[in-house]
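Structure data follow from data-v2.txt (compact mmCIF, C-alpha atoms):
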```txt
# COMPACT_ATOMS: atom_id res chain seq x y z
CA MET A 195 300.13 205.36 94.90
CA ALA A 196 299.87 205.57 98.68
CA ALA A 197 299.11 202.35 100.52
CA GLN A 198 296.09 202.03 102.75
CA ILE A 199 297.04 201.37 106.37
CA ILE A 200 295.81 198.15 107.98
CA SER A 201 295.28 199.41 111.51
CA GLY A 202 295.98 196.82 114.17
CA LYS A 203 294.55 199.24 116.71
CA THR A 204 291.17 199.41 114.96
CA LEU A 205 290.93 195.68 114.29
CA ALA A 206 292.08 194.70 117.78
CA ALA A 207 289.54 197.05 119.38
CA ARG A 208 286.79 195.43 117.34
CA ILE A 209 287.90 191.95 118.41
CA LYS A 210 288.19 192.95 122.07
CA GLN A 211 284.67 194.36 122.01
CA ARG A 212 283.39 191.05 120.65
CA VAL A 213 285.41 189.06 123.20
CA ALA A 214 284.07 191.18 126.07
CA GLY A 215 280.54 190.32 124.98
CA GLU A 216 281.37 186.62 124.83
CA VAL A 217 282.99 186.74 128.28
CA ALA A 218 279.89 188.41 129.73
CA GLN A 219 277.69 185.67 128.29
CA LEU A 220 279.94 182.95 129.69
CA LYS A 221 279.90 184.54 133.13
CA GLU A 222 276.10 184.49 133.08
CA GLN A 223 276.46 180.72 132.67
CA GLY A 224 278.88 180.49 135.61
CA ILE A 225 282.00 180.22 133.44
CA HIS A 226 284.78 182.68 134.33
CA PRO A 227 287.54 182.64 131.68
CA CYS A 228 291.01 182.71 133.21
CA LEU A 229 294.46 183.12 131.64
CA ALA A 230 297.58 182.22 133.62
CA VAL A 231 300.84 183.75 132.44
CA MET A 232 304.17 182.40 133.68
CA LEU A 233 307.03 184.90 133.72
CA VAL A 234 310.46 183.47 134.46
CA GLY A 235 313.21 185.97 135.25
CA ASP A 236 313.19 189.75 134.91
CA ASP A 237 313.63 190.44 131.20
CA PRO A 238 312.37 194.04 130.75
CA ALA A 239 310.72 193.43 127.37
CA SER A 240 308.93 190.34 128.70
CA GLN A 241 307.59 192.33 131.63
CA VAL A 242 306.18 194.94 129.25
CA TYR A 243 304.52 192.25 127.11
CA VAL A 244 302.99 190.57 130.15
CA ARG A 245 301.58 193.85 131.47
CA GLY A 246 300.00 194.43 128.08
CA LYS A 247 298.33 191.02 128.20
CA GLN A 248 297.07 191.64 131.72
CA ASN A 249 295.57 194.97 130.66
CA ASP A 250 293.88 193.32 127.68
CA CYS A 251 292.35 190.68 129.93
CA ALA A 252 291.06 193.33 132.32
CA GLU A 253 289.43 195.23 129.44
CA CYS A 254 287.52 192.13 128.38
CA GLY A 255 286.62 190.78 131.81
CA ILE A 256 289.02 187.84 131.65
CA GLU A 257 290.76 186.92 134.90
CA SER A 258 294.54 186.99 134.57
CA ARG A 259 296.94 185.29 136.94
CA LEU A 260 300.63 186.08 136.90
CA VAL A 261 302.99 183.34 138.05
CA ARG A 262 306.43 184.88 138.60
CA LEU A 263 309.53 182.73 139.00
CA GLU A 264 313.10 183.85 139.61
CA ALA A 265 315.66 183.56 136.82
CA SER A 266 317.57 181.11 139.03
CA VAL A 267 314.68 178.63 139.01
CA THR A 268 315.38 175.11 137.80
CA GLN A 269 313.63 173.45 134.89
CA ALA A 270 312.10 170.95 137.30
CA GLN A 271 310.55 173.81 139.28
CA VAL A 272 309.13 175.37 136.11
CA LEU A 273 307.61 172.05 135.09
CA GLU A 274 306.21 171.53 138.59
CA GLU A 275 304.47 174.91 138.46
CA LEU A 276 303.11 174.13 135.01
CA GLY A 277 301.75 170.88 136.40
CA ARG A 278 299.79 172.81 139.00
CA LEU A 279 298.31 175.12 136.37
CA ALA A 280 297.48 172.14 134.17
CA ALA A 281 295.56 170.50 137.00
CA ASP A 282 293.68 173.65 138.08
CA PRO A 283 290.19 173.57 136.52
CA SER A 284 289.72 177.30 137.11
CA VAL A 285 292.62 178.07 134.73
CA HIS A 286 291.59 177.82 131.08
CA GLY A 287 294.63 179.19 129.27
CA VAL A 288 298.31 178.79 130.13
CA LEU A 289 301.04 180.88 128.54
CA VAL A 290 304.77 180.82 129.24
CA GLN A 291 306.37 184.14 128.30
CA LEU A 292 309.40 183.62 126.08
CA PRO A 293 312.38 183.79 126.05
CA LEU A 294 313.27 181.65 129.05
CA PRO A 295 316.55 182.01 130.97
CA ALA A 296 319.58 180.05 129.82
CA GLY A 297 319.62 176.46 131.05
CA ILE A 298 315.89 175.87 130.68
CA ASP A 299 314.77 173.76 127.73
CA GLU A 300 312.17 175.91 125.99
CA GLN A 301 310.73 173.05 123.95
CA ALA A 302 310.36 170.81 127.00
CA VAL A 303 308.51 173.58 128.84
CA ILE A 304 306.16 174.25 125.91
CA ALA A 305 305.46 170.53 125.53
CA ALA A 306 304.41 170.41 129.20
CA ILE A 307 301.47 172.78 128.57
CA PRO A 308 298.25 170.78 128.05
CA PRO A 309 297.11 171.24 124.43
CA GLU A 310 293.62 172.21 125.62
CA LYS A 311 295.15 175.11 127.60
CA ASP A 312 297.80 176.04 125.01
CA VAL A 313 296.35 179.41 124.02
CA ASP A 314 299.65 180.39 122.37
CA GLY A 315 299.27 177.49 119.94
CA PHE A 316 302.89 176.40 120.44
CA THR A 317 302.64 172.81 121.69
CA PRO A 318 303.55 169.97 119.31
CA VAL A 319 299.96 168.73 119.38
CA ASN A 320 298.47 172.06 118.29
CA VAL A 321 301.21 172.68 115.73
CA GLY A 322 300.60 169.22 114.27
CA ARG A 323 296.83 169.69 114.17
CA MET A 324 297.27 173.05 112.46
CA ASN A 325 299.48 171.57 109.78
CA ILE A 326 297.05 168.81 108.89
CA GLY A 327 294.04 171.12 108.95
CA LEU A 328 292.34 170.04 112.17
CA ASP A 329 290.73 172.34 114.73
CA CYS A 330 293.23 173.68 117.25
CA PHE A 331 294.47 176.83 118.93
CA LEU A 332 296.23 178.79 116.20
CA PRO A 333 299.44 180.68 117.07
CA CYS A 334 298.41 184.23 117.80
CA THR A 335 300.73 186.26 115.57
CA PRO A 336 300.13 184.29 112.34
CA ALA A 337 296.39 184.15 113.09
CA GLY A 338 296.43 187.92 113.54
CA CYS A 339 298.20 188.30 110.19
CA ILE A 340 295.43 186.34 108.47
CA GLU A 341 292.76 188.52 110.09
CA MET A 342 294.57 191.62 108.87
CA LEU A 343 294.72 190.21 105.34
CA ARG A 344 291.01 189.41 105.42
CA SER A 345 290.22 192.94 106.57
CA THR A 346 291.44 194.33 103.24
CA GLY A 347 288.59 192.61 101.43
CA LEU A 348 291.07 191.16 98.93
CA ALA A 349 291.07 187.44 98.20
CA ILE A 350 293.93 185.38 99.61
CA GLU A 351 293.07 182.34 97.51
CA GLY A 352 295.27 181.91 94.45
CA LYS A 353 297.65 184.73 95.41
CA GLN A 354 301.43 184.44 95.45
CA ALA A 355 302.41 184.78 99.12
CA VAL A 356 305.99 185.16 100.30
CA VAL A 357 306.94 184.74 103.97
CA VAL A 358 310.37 186.09 104.90
CA GLY A 359 311.48 184.18 108.00
CA ARG A 360 311.07 180.57 109.08
CA SER A 361 310.75 180.72 112.86
CA ASN A 362 308.51 178.24 114.65
CA ILE A 363 306.56 181.13 116.19
CA VAL A 364 305.78 183.17 113.07
CA GLY A 365 307.31 182.14 109.75
CA LYS A 366 306.41 178.47 109.54
CA PRO A 367 302.88 178.77 110.97
CA ALA A 368 302.18 181.86 108.84
CA ALA A 369 303.05 179.79 105.77
CA ALA A 370 300.80 176.97 106.96
CA LEU A 371 297.84 179.31 107.51
CA LEU A 372 298.33 180.96 104.12
CA LEU A 373 298.27 177.50 102.56
CA ARG A 374 295.00 176.81 104.38
CA GLU A 375 293.65 179.95 102.71
CA ASN A 376 294.70 178.48 99.34
CA ALA A 377 297.53 180.90 98.64
CA THR A 378 300.64 179.70 96.80
CA VAL A 379 303.36 180.09 99.42
CA THR A 380 307.12 180.60 99.26
CA VAL A 381 309.13 180.68 102.50
CA CYS A 382 312.38 182.66 102.36
CA HIS A 383 315.23 182.68 104.85
CA SER A 384 318.92 183.52 105.28
CA ARG A 385 319.97 181.00 102.63
CA THR A 386 317.47 182.11 99.99
CA LYS A 387 319.14 183.19 96.76
CA ASP A 388 318.01 186.38 95.04
CA LEU A 389 315.67 187.29 97.87
CA ALA A 390 314.76 190.67 96.39
CA ARG A 391 313.48 189.04 93.19
CA VAL A 392 311.37 186.51 95.11
CA CYS A 393 309.83 189.21 97.30
CA ALA A 394 309.11 191.43 94.30
CA GLY A 395 306.87 188.69 92.89
CA ALA A 396 304.66 188.54 95.99
CA ASP A 397 301.02 189.58 95.99
CA ILE A 398 301.17 189.09 99.76
CA LEU A 399 304.44 189.70 101.61
CA VAL A 400 304.82 188.73 105.27
CA ALA A 401 308.06 190.05 106.78
CA ALA A 402 309.15 188.25 109.95
CA ILE A 403 312.93 188.23 109.83
CA GLY A 404 313.77 190.47 112.81
CA ARG A 405 315.99 192.98 110.98
CA ALA A 406 315.12 196.66 110.93
CA LYS A 407 313.93 197.94 107.53
CA PHE A 408 315.41 194.90 105.81
CA ILE A 409 312.65 194.83 103.17
CA THR A 410 313.24 197.83 100.90
CA GLY A 411 310.94 199.50 98.42
CA ASP A 412 312.44 197.74 95.40
CA MET A 413 311.39 194.41 96.95
CA ILE A 414 307.69 195.33 96.89
CA LYS A 415 305.41 194.44 93.98
CA PRO A 416 303.10 197.31 92.99
CA GLY A 417 299.70 196.65 94.55
CA ALA A 418 300.97 194.08 97.06
CA VAL A 419 299.68 193.61 100.59
CA VAL A 420 302.54 193.95 103.09
CA ILE A 421 302.27 192.48 106.59
CA ASP A 422 305.19 193.62 108.78
CA VAL A 423 305.65 191.40 111.83
CA GLY A 424 309.01 192.83 112.90
CA ILE A 425 309.53 194.99 115.97
CA ASN A 426 312.99 196.53 116.01
CA ARG A 427 314.84 199.63 117.12
CA GLY A 428 316.06 201.71 114.21
CA ALA A 429 319.29 203.70 114.09
CA ASP A 430 317.32 206.66 115.49
CA GLY A 431 316.18 204.60 118.47
CA LYS A 432 312.56 204.54 117.35
CA LEU A 433 310.48 201.41 116.90
CA CYS A 434 310.31 200.15 113.33
CA GLY A 435 309.47 196.99 111.47
CA ASP A 436 311.29 194.68 109.12
CA VAL A 437 309.98 196.77 106.21
CA ASP A 438 311.13 200.23 105.14
CA PHE A 439 307.63 201.59 105.65
CA ASP A 440 307.88 204.85 103.71
CA ALA A 441 309.40 203.25 100.62
CA ALA A 442 307.05 200.25 100.72
CA ALA A 443 303.95 202.40 101.21
CA GLU A 444 304.62 204.11 97.87
CA LYS A 445 304.13 200.81 96.03
CA ALA A 446 301.90 198.59 98.17
CA ALA A 447 298.10 198.64 98.12
CA PHE A 448 297.88 197.84 101.84
CA ILE A 449 300.51 197.84 104.59
CA THR A 450 300.63 197.34 108.37
CA PRO A 451 302.36 199.95 110.53
CA VAL A 452 304.92 199.41 113.30
CA PRO A 453 303.94 200.12 116.01
CA GLY A 454 300.17 199.83 115.86
CA GLY A 455 300.02 196.80 113.62
CA VAL A 456 300.54 193.07 114.04
CA GLY A 457 301.57 193.27 117.70
CA LEU A 458 298.14 194.47 118.80
CA MET A 459 296.48 191.75 116.77
CA THR A 460 298.68 189.11 118.41
CA ARG A 461 297.32 190.12 121.80
CA ALA A 462 293.74 190.21 120.49
CA MET A 463 293.99 186.67 119.12
CA LEU A 464 295.28 185.48 122.51
CA LEU A 465 292.04 186.73 124.06
CA CYS A 466 290.02 184.84 121.44
CA ASN A 467 291.91 181.63 122.20
CA THR A 468 291.42 182.06 125.95
CA VAL A 469 287.66 182.44 125.58
CA GLN A 470 287.57 179.42 123.31
CA ALA A 471 289.54 177.40 125.89
CA ALA A 472 287.03 178.35 128.59
CA ARG A 473 284.14 177.38 126.34
CA MET A 474 285.73 174.02 125.50
CA ALA A 475 286.46 173.28 129.17
CA ALA A 476 282.78 173.80 129.93
CA GLY A 477 281.74 171.60 127.03
CA ARG A 478 280.09 174.49 125.19
```
This structure in structure tokens:
Amino acid sequence: MAAQIISGKTLAARIKQRVAGEVAQLKEQGIHPCLAVMLVGDDPASQVYVRGKQNDCAECGIESRLVRLEASVTQAQVLEELGRLAADPSVHGVLVQLPLPAGIDEQAVIAAIPPEKDVDGFTPVNVGRMNIGLDCFLPCTPAGCIEMLRSTGLAIEGKQAVVVGRSNIVGKPAAALLLRENATVTVCHSRTKDLARVCAGADILVAAIGRAKFITGDMIKPGAVVIDVGINRGADGKLCGDVDFDAAAEKAAFITPVPGGVGLMTRAMLLCNTVQAARMAAGR
């Protein structure tokens, strides 16, 4: 059995086309969606991610503003700049590119983003609202995972879902969103005993542990849907996920590739959140 590929490229293109139409309609009403991205320091990977987000915005007609700060900046200066973005009515979405340089409290910075402009879905208010089932900006990567699952046409409700990884950015919110879809969810982590057995019982397996090819073929249930969130460099220097793709694809019904999978959907969901923020700011 060869797994069907869940193409992030195809799904993201579809979403971006829809977003571009929504942006055009908003502009006709005098609303110009704007995303401000704060980049602190000169981390090469962060610069690549930010350029990708800027290109996405340009494709959809969303204004993007880049706020660059030196790595030597103080936390007070970061918070001051965030205050300016928070008070600017022309800015609808605010995103702080992570990681931040040493010495800056990441949680304090995230908490300073107004919830109504928190298009990453990371602030305590939005995380809390998500966990109790209220409307909010959903974190982009987990939201993208759910869209990829839905695209298979298979039901999520009632399925055994296993999330490998418990980060605040992916693992925990992915589990929360799967619960909202009425899956039965198990969250695994570094202290989980007999991890292979737990994974092998999953109808839906979300791998977000950050270790190259950590999930092997014997950990995949025949017919499972595998969502690989990891982006790593393999021993050969090539990009790979947390899942041994070739081995998993022999047993899974559906699987996401790396690259070309969840990462593209993360960026697409950010665009959706930005448009929604603009609409909310205009009372639409």
Atom pair CA of Ser384 (chain A) / CA of Ile421 (chain A): separation (Å):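 Interatomic distance, CA of Ser384 (chain A) to CA of Ile421 (chain A): 19.0 Å.
When only C-alpha atoms are used to measure the gap to Val303 (chain A), the shortest distance among A:Leu465, A:Cys393, A:Ile398, A:Val290 belongs to A:Val290.
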Nearest candidate to Met459 (chain A) (options A:Gln198, A:Thr204, A:Thr380, A:Ser266; using only C-alpha atoms): A:Thr204
CA of Ser361 (chain A) to CA of Ala441 (chain A), straight-line distance in Å: 25.7 Å
Nearby residues (only C-alpha atoms) at most 8 Å from region 238-244 of chain A, same-chain spacing under 2 positions excluded, as a list of chain:residue names: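 So the residues in contact are A:Val231, A:Leu233, A:Asp236, A:Gly246, A:Lys247, A:Gln248, A:Gln291, A:Leu292, A:Pro293.
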Contacts of Gly224 (chain A) at 12 Å (all atoms listed in the file; same-chain gap of 2+ positions) as a count of residues only: 12
Polymer residues at most 10 Å from region 426-437 of chain A, only C-alpha atoms, same-chain spacing of 4 or more positions, as a VMD selection string: chain A and resid 358 400 to 411 413 to 414 420 to 422 441 to 443 449 to 453 455
Within 9 Å of Asp312 (chain A) using only C-alpha atoms, minus same-chain residues under 6 positions, as a list in words: His286, Gly287, Val288, Leu289, Ile304, Asn320, Phe331, Asn467, Thr468 and Ala471 of chain A
